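J.: Have a peek at query34.csv (CSV, C-alpha atoms).
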chain,number,residue,atom,x,y,z
G,1,MET,CA,-3.9,12.9,-2.5
G,2,LEU,CA,-2.0,15.5,-0.5
G,3,PRO,CA,-4.1,18.5,-1.5
G,4,HIS,CA,-7.3,16.8,-0.2
G,5,LEU,CA,-5.8,16.1,3.3
G,6,GLY,CA,-5.4,19.7,4.5
G,7,GLY,CA,-2.3,21.9,4.7
G,8,ASP,CA,-1.0,20.5,8.0
G,9,GLN,CA,-1.0,16.8,7.1
G,10,PRO,CA,2.4,15.6,6.0
G,11,VAL,CA,2.6,12.5,3.7
G,12,TYR,CA,5.7,10.4,3.3
G,13,GLY,CA,6.0,8.1,0.3
G,14,ILE,CA,8.1,4.9,0.5
G,15,GLN,CA,9.9,3.9,-2.7
G,16,ALA,CA,10.6,0.2,-3.4
G,17,ALA,CA,14.3,-0.8,-3.2
G,18,GLY,CA,15.7,-1.2,-6.7
G,19,LEU,CA,13.7,1.6,-8.4
G,20,ASP,CA,16.7,3.9,-8.3
G,21,GLY,CA,18.7,1.3,-10.2
G,22,THR,CA,21.5,1.2,-7.7
G,23,ARG,CA,20.3,-1.4,-5.2
G,24,PRO,CA,18.8,-4.9,-5.7
G,25,PRO,CA,15.1,-5.4,-5.0
G,26,ALA,CA,13.9,-6.9,-1.7
G,27,PRO,CA,15.0,-10.6,-1.5
G,28,ASP,CA,11.7,-11.6,0.2
G,29,ALA,CA,8.6,-10.3,1.9
G,30,ALA,CA,10.0,-10.2,5.4
G,31,ALA,CA,13.0,-8.1,4.2
G,32,MET,CA,10.7,-5.7,2.4
G,33,VAL,CA,8.6,-5.1,5.5
G,34,ALA,CA,11.6,-4.7,7.7
G,35,HIS,CA,13.2,-2.2,5.3
G,36,TYR,CA,10.1,-0.1,5.1
G,37,LEU,CA,9.7,-0.1,8.9
G,38,ASP,CA,13.3,1.1,9.2
G,39,LEU,CA,12.5,3.9,6.8
G,40,ILE,CA,9.4,5.1,8.7
G,41,ARG,CA,11.1,4.9,12.0
G,42,GLN,CA,13.8,7.2,10.7
G,43,VAL,CA,11.0,9.8,10.3
G,44,GLN,CA,9.0,8.8,13.4
G,45,PRO,CA,10.6,6.5,15.9
G,46,ARG,CA,7.4,5.8,17.8
G,47,GLY,CA,3.7,5.5,17.1
G,48,PRO,CA,0.9,6.2,16.7
G,49,TYR,CA,1.4,5.4,13.0
G,50,ARG,CA,-0.9,6.0,10.1
G,51,LEU,CA,-0.4,3.8,7.0
G,52,LEU,CA,-1.9,3.8,3.5
G,53,GLY,CA,-1.1,1.6,0.6
G,54,TRP,CA,-2.5,1.1,-2.9
G,55,SER,CA,-2.7,-2.3,-4.6
G,56,TYR,CA,0.5,-4.2,-3.8
G,57,GLY,CA,1.3,-1.4,-1.3
G,58,GLY,CA,-2.0,-2.2,0.4
G,59,PHE,CA,-1.1,-5.7,1.6
G,60,VAL,CA,2.4,-4.5,2.4
G,61,ALA,CA,0.9,-1.7,4.6
G,62,HIS,CA,-1.3,-4.4,6.3
G,63,ALA,CA,1.8,-6.5,7.0
G,64,MET,CA,3.7,-3.4,8.3
G,65,ALA,CA,0.7,-2.5,10.6
G,66,CYS,CA,0.6,-6.1,12.0
G,67,ALA,CA,4.4,-6.0,12.6
G,68,LEU,CA,4.2,-2.6,14.4
G,69,GLN,CA,1.4,-3.9,16.6
G,70,ARG,CA,3.5,-7.0,17.5
G,71,ASP,CA,6.2,-4.6,18.6
G,72,GLY,CA,3.8,-2.9,20.9
G,73,GLU,CA,3.3,0.2,18.7
G,74,GLN,CA,0.0,1.9,18.1
G,75,VAL,CA,-1.4,2.0,14.6
G,76,GLU,CA,-4.3,4.4,14.6
G,77,LEU,CA,-5.1,4.4,10.8
G,78,LEU,CA,-4.7,1.7,8.2
G,79,ALA,CA,-6.1,2.5,4.7
G,80,MET,CA,-6.0,0.0,1.9
G,81,LEU,CA,-6.7,1.1,-1.7
G,82,ASP,CA,-8.2,-1.9,-3.6
G,83,ALA,CA,-5.5,-4.2,-2.2
G,84,PRO,CA,-5.6,-7.8,-3.5
G,85,GLN,CA,-5.1,-10.8,-1.3
G,86,PRO,CA,-1.9,-12.7,-2.4
G,87,HIS,CA,-2.1,-15.4,0.3
G,88,GLY,CA,-2.7,-18.8,-1.2
G,89,THR,CA,-1.7,-17.8,-4.7
G,90,ALA,CA,1.2,-19.2,-6.6
G,91,HIS,CA,3.7,-17.2,-8.7
G,92,ASP,CA,2.9,-17.5,-12.4
G,93,ALA,CA,5.8,-16.4,-14.5
G,94,ASP,CA,3.7,-15.9,-17.7
G,95,ALA,CA,1.1,-13.8,-15.8
G,96,THR,CA,4.0,-11.8,-14.3
G,97,GLU,CA,5.3,-10.9,-17.7
G,98,ARG,CA,1.9,-9.8,-18.9
G,99,GLN,CA,1.4,-7.6,-15.9
G,100,VAL,CA,4.8,-6.0,-16.1
G,101,ALA,CA,4.4,-5.3,-19.8
G,102,ALA,CA,1.0,-3.7,-19.1
G,103,LEU,CA,2.3,-1.6,-16.3
G,104,LEU,CA,5.3,-0.3,-18.4
G,105,SER,CA,2.9,0.6,-21.2
G,106,ARG,CA,0.7,2.6,-18.8
G,107,VAL,CA,3.7,4.3,-17.2
G,108,ALA,CA,5.1,5.2,-20.6
G,109,GLY,CA,1.8,6.3,-22.2
G,110,LEU,CA,1.9,3.5,-24.8
G,111,PRO,CA,-1.1,1.6,-26.1
G,112,ALA,CA,-1.8,-1.5,-24.1
G,113,ASP,CA,-1.0,-4.7,-26.0
G,114,ALA,CA,-1.8,-7.9,-24.0
G,115,GLN,CA,0.6,-9.9,-26.3
G,116,ALA,CA,3.6,-7.6,-26.2
G,117,PRO,CA,6.5,-9.0,-24.2
G,118,VAL,CA,8.3,-6.8,-21.7
G,119,GLU,CA,11.4,-6.5,-23.9
G,120,ALA,CA,9.3,-5.3,-26.8
G,121,VAL,CA,7.7,-2.6,-24.6
G,122,LEU,CA,11.2,-1.5,-23.4
G,123,ASP,CA,12.3,-1.3,-27.0
G,124,GLN,CA,9.3,0.9,-27.8
G,125,ILE,CA,10.3,3.2,-24.9
G,126,ASP,CA,13.9,3.4,-26.1
G,127,ALA,CA,12.7,4.3,-29.6
G,128,ARG,CA,10.4,7.0,-28.4
G,129,VAL,CA,13.1,8.5,-26.1
G,130,ALA,CA,15.6,8.5,-29.0
G,131,ALA,CA,13.0,10.2,-31.3
G,132,ASP,CA,11.8,12.8,-28.7
G,133,PRO,CA,13.0,12.5,-25.1
G,134,ALA,CA,10.2,14.8,-23.9
G,135,SER,CA,7.5,12.5,-25.3
G,136,VAL,CA,8.0,9.7,-22.7
G,137,PRO,CA,7.8,10.3,-18.9
G,138,VAL,CA,10.4,7.6,-18.2
G,139,THR,CA,13.8,6.8,-19.7
G,140,GLY,CA,14.7,3.3,-20.9
G,141,ALA,CA,16.9,2.8,-17.8
G,142,GLU,CA,14.0,3.8,-15.5
G,143,ALA,CA,11.6,1.5,-17.3
G,144,ALA,CA,14.0,-1.4,-17.0
G,145,ALA,CA,14.4,-0.7,-13.2
G,146,ILE,CA,10.6,-0.7,-12.9
G,147,ALA,CA,10.3,-4.0,-14.7
G,148,ALA,CA,12.9,-5.6,-12.5
G,149,VAL,CA,11.2,-4.4,-9.3
G,150,MET,CA,7.8,-5.5,-10.4
G,151,ARG,CA,8.9,-8.9,-11.5
G,152,ASN,CA,10.5,-9.3,-8.1
G,153,ASN,CA,7.4,-8.0,-6.3
G,154,LEU,CA,5.2,-10.4,-8.0
G,155,ARG,CA,7.6,-13.3,-7.3
G,156,ILE,CA,7.5,-12.6,-3.5
G,157,ALA,CA,3.8,-11.6,-3.3
G,158,PRO,CA,2.7,-15.1,-2.2
G,159,GLN,CA,5.0,-14.9,0.8
G,160,PHE,CA,2.8,-12.3,2.4
G,161,THR,CA,0.9,-14.5,4.9
G,162,PRO,CA,-1.5,-12.1,6.5
G,163,GLY,CA,-1.6,-11.6,10.2
G,164,THR,CA,-4.6,-10.1,12.0
G,165,TYR,CA,-4.7,-6.3,12.3
G,166,ARG,CA,-6.3,-5.1,15.5
G,167,GLY,CA,-8.5,-2.1,14.6
G,168,ASP,CA,-10.7,-0.8,11.9
G,169,VAL,CA,-9.6,-0.6,8.3
G,170,LEU,CA,-10.5,2.0,5.7
G,171,PHE,CA,-10.8,0.1,2.4
G,172,PHE,CA,-11.4,1.5,-1.0
G,173,SER,CA,-12.7,-0.8,-3.8
G,174,ALA,CA,-12.6,0.0,-7.5
G,175,ALA,CA,-16.3,0.0,-8.4
G,176,GLU,CA,-15.9,-0.3,-12.2
G,177,GLU,CA,-13.2,-2.9,-12.7
G,178,GLN,CA,-13.0,-4.1,-16.3
G,179,HIS,CA,-13.2,-7.8,-17.2
G,180,THR,CA,-9.8,-9.3,-17.9
G,181,GLU,CA,-8.8,-12.3,-20.0
G,182,HIS,CA,-6.0,-13.0,-17.5
G,183,PRO,CA,-7.5,-14.0,-14.2
G,184,ALA,CA,-4.0,-14.5,-12.7
G,185,ASP,CA,-3.8,-10.7,-12.3
G,186,LEU,CA,-4.9,-10.4,-8.7
G,187,ALA,CA,-5.3,-6.7,-9.1
G,188,VAL,CA,-8.4,-7.0,-11.2
G,189,LEU,CA,-10.2,-9.8,-9.4
G,190,PRO,CA,-13.5,-9.0,-7.6
G,191,GLY,CA,-14.1,-9.3,-3.9
G,192,LYS,CA,-10.9,-7.8,-2.6
G,193,ALA,CA,-12.5,-6.2,0.5
G,194,ASP,CA,-14.2,-9.5,1.6
G,195,SER,CA,-10.9,-11.4,1.3
G,196,TRP,CA,-9.4,-9.1,4.0
G,197,ARG,CA,-12.2,-9.3,6.5
G,198,PRO,CA,-10.9,-12.5,8.2
G,199,HIS,CA,-7.6,-10.6,8.8
G,200,VAL,CA,-9.1,-7.6,10.5
G,201,ASP,CA,-10.1,-7.6,14.2
G,202,GLY,CA,-12.4,-4.7,13.8
G,203,THR,CA,-14.6,-3.2,11.2
G,204,LEU,CA,-13.5,-3.0,7.6
G,205,HIS,CA,-15.2,0.0,6.1
G,206,ASP,CA,-15.5,-0.6,2.3
G,207,HIS,CA,-15.8,2.6,0.2
G,208,ARG,CA,-16.6,2.0,-3.5
G,209,VAL,CA,-14.7,4.4,-5.7
G,210,PRO,CA,-15.6,5.0,-9.4
G,211,GLY,CA,-13.2,3.6,-11.9
G,212,GLY,CA,-11.0,0.6,-12.2
G,213,HIS,CA,-8.1,-0.6,-10.1
G,214,TYR,CA,-5.4,1.1,-12.2
G,215,GLU,CA,-7.3,4.3,-12.3
G,216,MET,CA,-7.7,4.9,-8.6
G,217,THR,CA,-5.1,7.7,-8.5
G,218,GLU,CA,-6.7,9.6,-11.3
G,219,PRO,CA,-8.1,13.0,-10.2
G,220,GLU,CA,-11.8,12.1,-9.5
G,221,PRO,CA,-11.2,8.8,-7.6
G,222,ILE,CA,-8.3,10.2,-5.6
G,223,ALA,CA,-10.4,13.2,-4.6
G,224,ARG,CA,-13.0,10.9,-3.1
G,225,ILE,CA,-10.4,8.8,-1.4
G,226,GLY,CA,-8.7,11.9,-0.1
G,227,GLU,CA,-12.0,13.2,1.3
G,228,ALA,CA,-12.7,10.0,3.2
G,229,VAL,CA,-9.1,9.8,4.5
G,230,ALA,CA,-9.3,13.4,5.6
G,231,LYS,CA,-12.5,12.7,7.5
G,232,ALA,CA,-10.9,9.8,9.3
G,233,LEU,CA,-7.9,11.9,10.2
G,234,ARG,CA,-10.2,14.6,11.6
G,235,ALA,CA,-11.9,12.0,13.7
G,236,LEU,CA,-8.6,10.9,15.1
G,237,GLY,CA,-7.8,14.5,16.0
G,238,ASP,CA,-11.2,15.0,17.6
G,239,ARG,CA,-10.7,11.8,19.7
G,240,ALA,CA,-7.3,13.0,20.8
G,241,ARG,CA,-8.8,16.3,22.1
G,242,THR,CA,-11.6,14.6,24.0
G,243,PRO,CA,-10.8,14.4,27.7
G,244,LEU,CA,-10.5,10.8,29.0
G,245,PRO,CA,-12.5,9.6,32.0
G,246,ARG,CA,-10.6,9.8,35.2
G,247,GLU,CA,-10.3,6.0,35.5
G,248,THR,CA,-8.7,5.8,32.0
G,249,ARG,CA,-6.4,8.7,32.8
G,250,ASP,CA,-5.2,6.9,35.9
G,251,GLU,CA,-4.5,3.7,34.0
G,252,GLU,CA,-2.6,5.6,31.3
G,253,ASN,CA,-0.6,7.5,33.8
G,254,GLN,CA,0.4,4.2,35.5
G,255,ARG,CA,1.5,2.8,32.2
G,256,ALA,CA,3.5,5.9,31.4
G,257,SER,CA,5.3,5.7,34.8
G,258,ASP,CA,6.3,2.0,34.0
G,259,PRO,CA,9.0,2.0,31.4
G,260,GLY,CA,8.4,-1.7,30.6
G,261,PRO,CA,11.0,-4.0,29.0
G,262,LEU,CA,13.9,-2.5,27.0
G,263,ARG,CA,13.5,-3.2,23.3
G,264,THR,CA,16.5,-3.6,21.1
G,265,ARG,CA,16.6,-3.6,17.3
Produce structure tokens that represent the structure in this file.
T.:
Amino acid sequence: MLPHLGGDQPVYGIQAAGLDGTRPPAPDAAAMVAHYLDLIRQVQPRGPYRLLGWSYGGFVAHAMACALQRDGEQVELLAMLDAPQPHGTAHDADATERQVAALLSRVAGLPADAQAPVEAVLDQIDARVAADPASVPVTGAEAAAIAAVMRNNLRIAPQFTPGTYRGDVLFFSAAEEQHTEHPADLAVLPGKADSWRPHVDGTLHDHRVPGGHYEMTEPEPIARIGEAVAKALRALGDRARTPLPRETRDEENQRASDPGPLRTR
């Protein structure tokens, strides 16, 4: 996405705890959100914040945005890429294993096999690495760490009870999602944008992007997403440069002169 946002727009990616193989995954949803907020505050202690998340990361970004607003911070952009709504679902261990196996197959460039268990996919990766290390983009250890994190992510997904985000949301829906024989996979269910509208106190702008859910970061879809995000960022910059009416300036100056309550973390 970065090349489509302009040369002066930094992007910081957050990596899930556990992917490096040295730490355990997040124990629950609240801990995941708190950890991610600590990470972004190390880069930017105060708002306004701009958050974007794809799939699972989309509903995590929504939870982070709500938490920041509860802390009195400003979130001026929330973008969600085909994020499913996990609230009200139940963890399904069998569905989790299918999804993890499918993800590992995609990551490793292996043919998708809906019946292959996770351990079989890991064995295939190990075999390919042994035969030609350059033929697989992940090692066996990396694939095992991905599997552990994704199993955990799917376990805690139902814990994400959505709050209400105050503001507009930039949503991107996969317009060509393929039918699945496994309806427990929330990522490929229809109507994702509508499932979030009750949890947005503002306008949810739904942009339909060609391709399926798992193809959203391919070159063509991500170019369209990047163009829309860049347009939203330019609008924020234009708004910041627009002089405020005198009454609004007076109100903001008054708030700036009042330090308010001391917040501790």
J.: For a quick check of understanding, using all atoms listed in the file, which of G:Leu5, G:Val188, G:Ser135, G:Ala148 has the smallest distance to Asp20 of chain G?
T.: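 Looking only at the distances to Asp20 of chain G, the closest residue turns out to be G:Ala148.
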J.: Please tabulate, as CSV, the residues of segment 126-213 of chain G that come within 7 Å of segment 48-71 of chain G, each with its closest pair of atoms and the distance in Å to one decimal, counting all atoms listed in the file and ordering rows by chain, then residue number upward.
T.:
residue,atom,partner,partner_atom,distance
G:Pro162,CA,G:Ala63,CA,6.5
G:Gly163,CA,G:Cys66,CA,6.2
G:Thr164,CA,G:Cys66,CA,6.6
G:Tyr165,CA,G:Cys66,CA,5.3
G:Ala187,CA,G:Ser55,CA,6.8
J.: Place a sphere of radius 12 Å on (0.9, -21.3, -6.9) in the file coordinates and name every protein, DNA or RNA residue with an atom inside or on its surface, counting all atoms listed in the file; give the answer as a list in words.
T.: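 Every residue inside that radius is included here: Pro86, His87, Gly88, Thr89, Ala90, His91, Asp92, Ala93, Ala95, Leu154, Arg155, Ile156, Ala157, Pro158, Gln159 and Ala184 of chain G.
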J.: Would you mind telling me which residue in G:Arg234, G:Arg41, G:Arg224, G:Arg166 lies nearest to His199 of chain G when using only C-alpha atoms?
T.: G:Arg166
J.: Can you tell me how far atom CA of Val138 of chain G sits from atom CA of Met150 of chain G, in Å to one decimal?
T.: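 Atom CA of Val138 of chain G sits 15.5 Å away from atom CA of Met150 of chain G.
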J.: What gap, in Å, lies between atom CA of Ala112 of chain G and atom CA of Gly226 of chain G?
T.: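 Going from atom CA of Ala112 of chain G over to atom CA of Gly226 of chain G covers 28.3 Å.
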J.: Would you work out the distance separating atom CA of Asp185 of chain G from atom CA of Leu19 of chain G, expressed in Å to one decimal?
T.: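 So the answer is 21.7 Å.
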J.: Set the distance at 10 Å and use only C-alpha atoms: which residues neighbour Ala143 of chain G once local chain neighbours fewer than 3 positions away are removed? I'd like the list as a ChimeraX atom specification.
T.: /G:19,103-105,107-108,118,121-122,125-126,137-140,146-149
J.: Smallest atom-to-atom distance to Met32 of chain G: which of G:Gly18, G:Pro84, G:Pro45, G:Gly237, using all atoms listed in the file?
T.: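 Looking at the shortest contact to Met32 of chain G, the residue is G:Gly18.
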J.: Taking (-5.4, -1.5, -14.2) in the coordinates of the supplied file, I want to know which residues reach to within 9 Å of it, counting all atoms listed in the file; could you give the answer as a PDB file with C-alpha atoms, keeping the file's coordinate frame?
T.:
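out.pdb, written as the output of this step:
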ATOM      1  CA  ALA G 102       1.000  -3.700 -19.100  1.00  0.00           C
ATOM      2  CA  LEU G 103       2.300  -1.600 -16.300  1.00  0.00           C
ATOM      3  CA  ARG G 106       0.700   2.600 -18.800  1.00  0.00           C
ATOM      4  CA  GLU G 177     -13.200  -2.900 -12.700  1.00  0.00           C
ATOM      5  CA  GLN G 178     -13.000  -4.100 -16.300  1.00  0.00           C
ATOM      6  CA  ALA G 187      -5.300  -6.700  -9.100  1.00  0.00           C
ATOM      7  CA  VAL G 188      -8.400  -7.000 -11.200  1.00  0.00           C
ATOM      8  CA  GLY G 212     -11.000   0.600 -12.200  1.00  0.00           C
ATOM      9  CA  HIS G 213      -8.100  -0.600 -10.100  1.00  0.00           C
ATOM     10  CA  TYR G 214      -5.400   1.100 -12.200  1.00  0.00           C
ATOM     11  CA  GLU G 215      -7.300   4.300 -12.300  1.00  0.00           C
ATOM     12  CA  MET G 216      -7.700   4.900  -8.600  1.00  0.00           C
TER      13      MET G 216
END
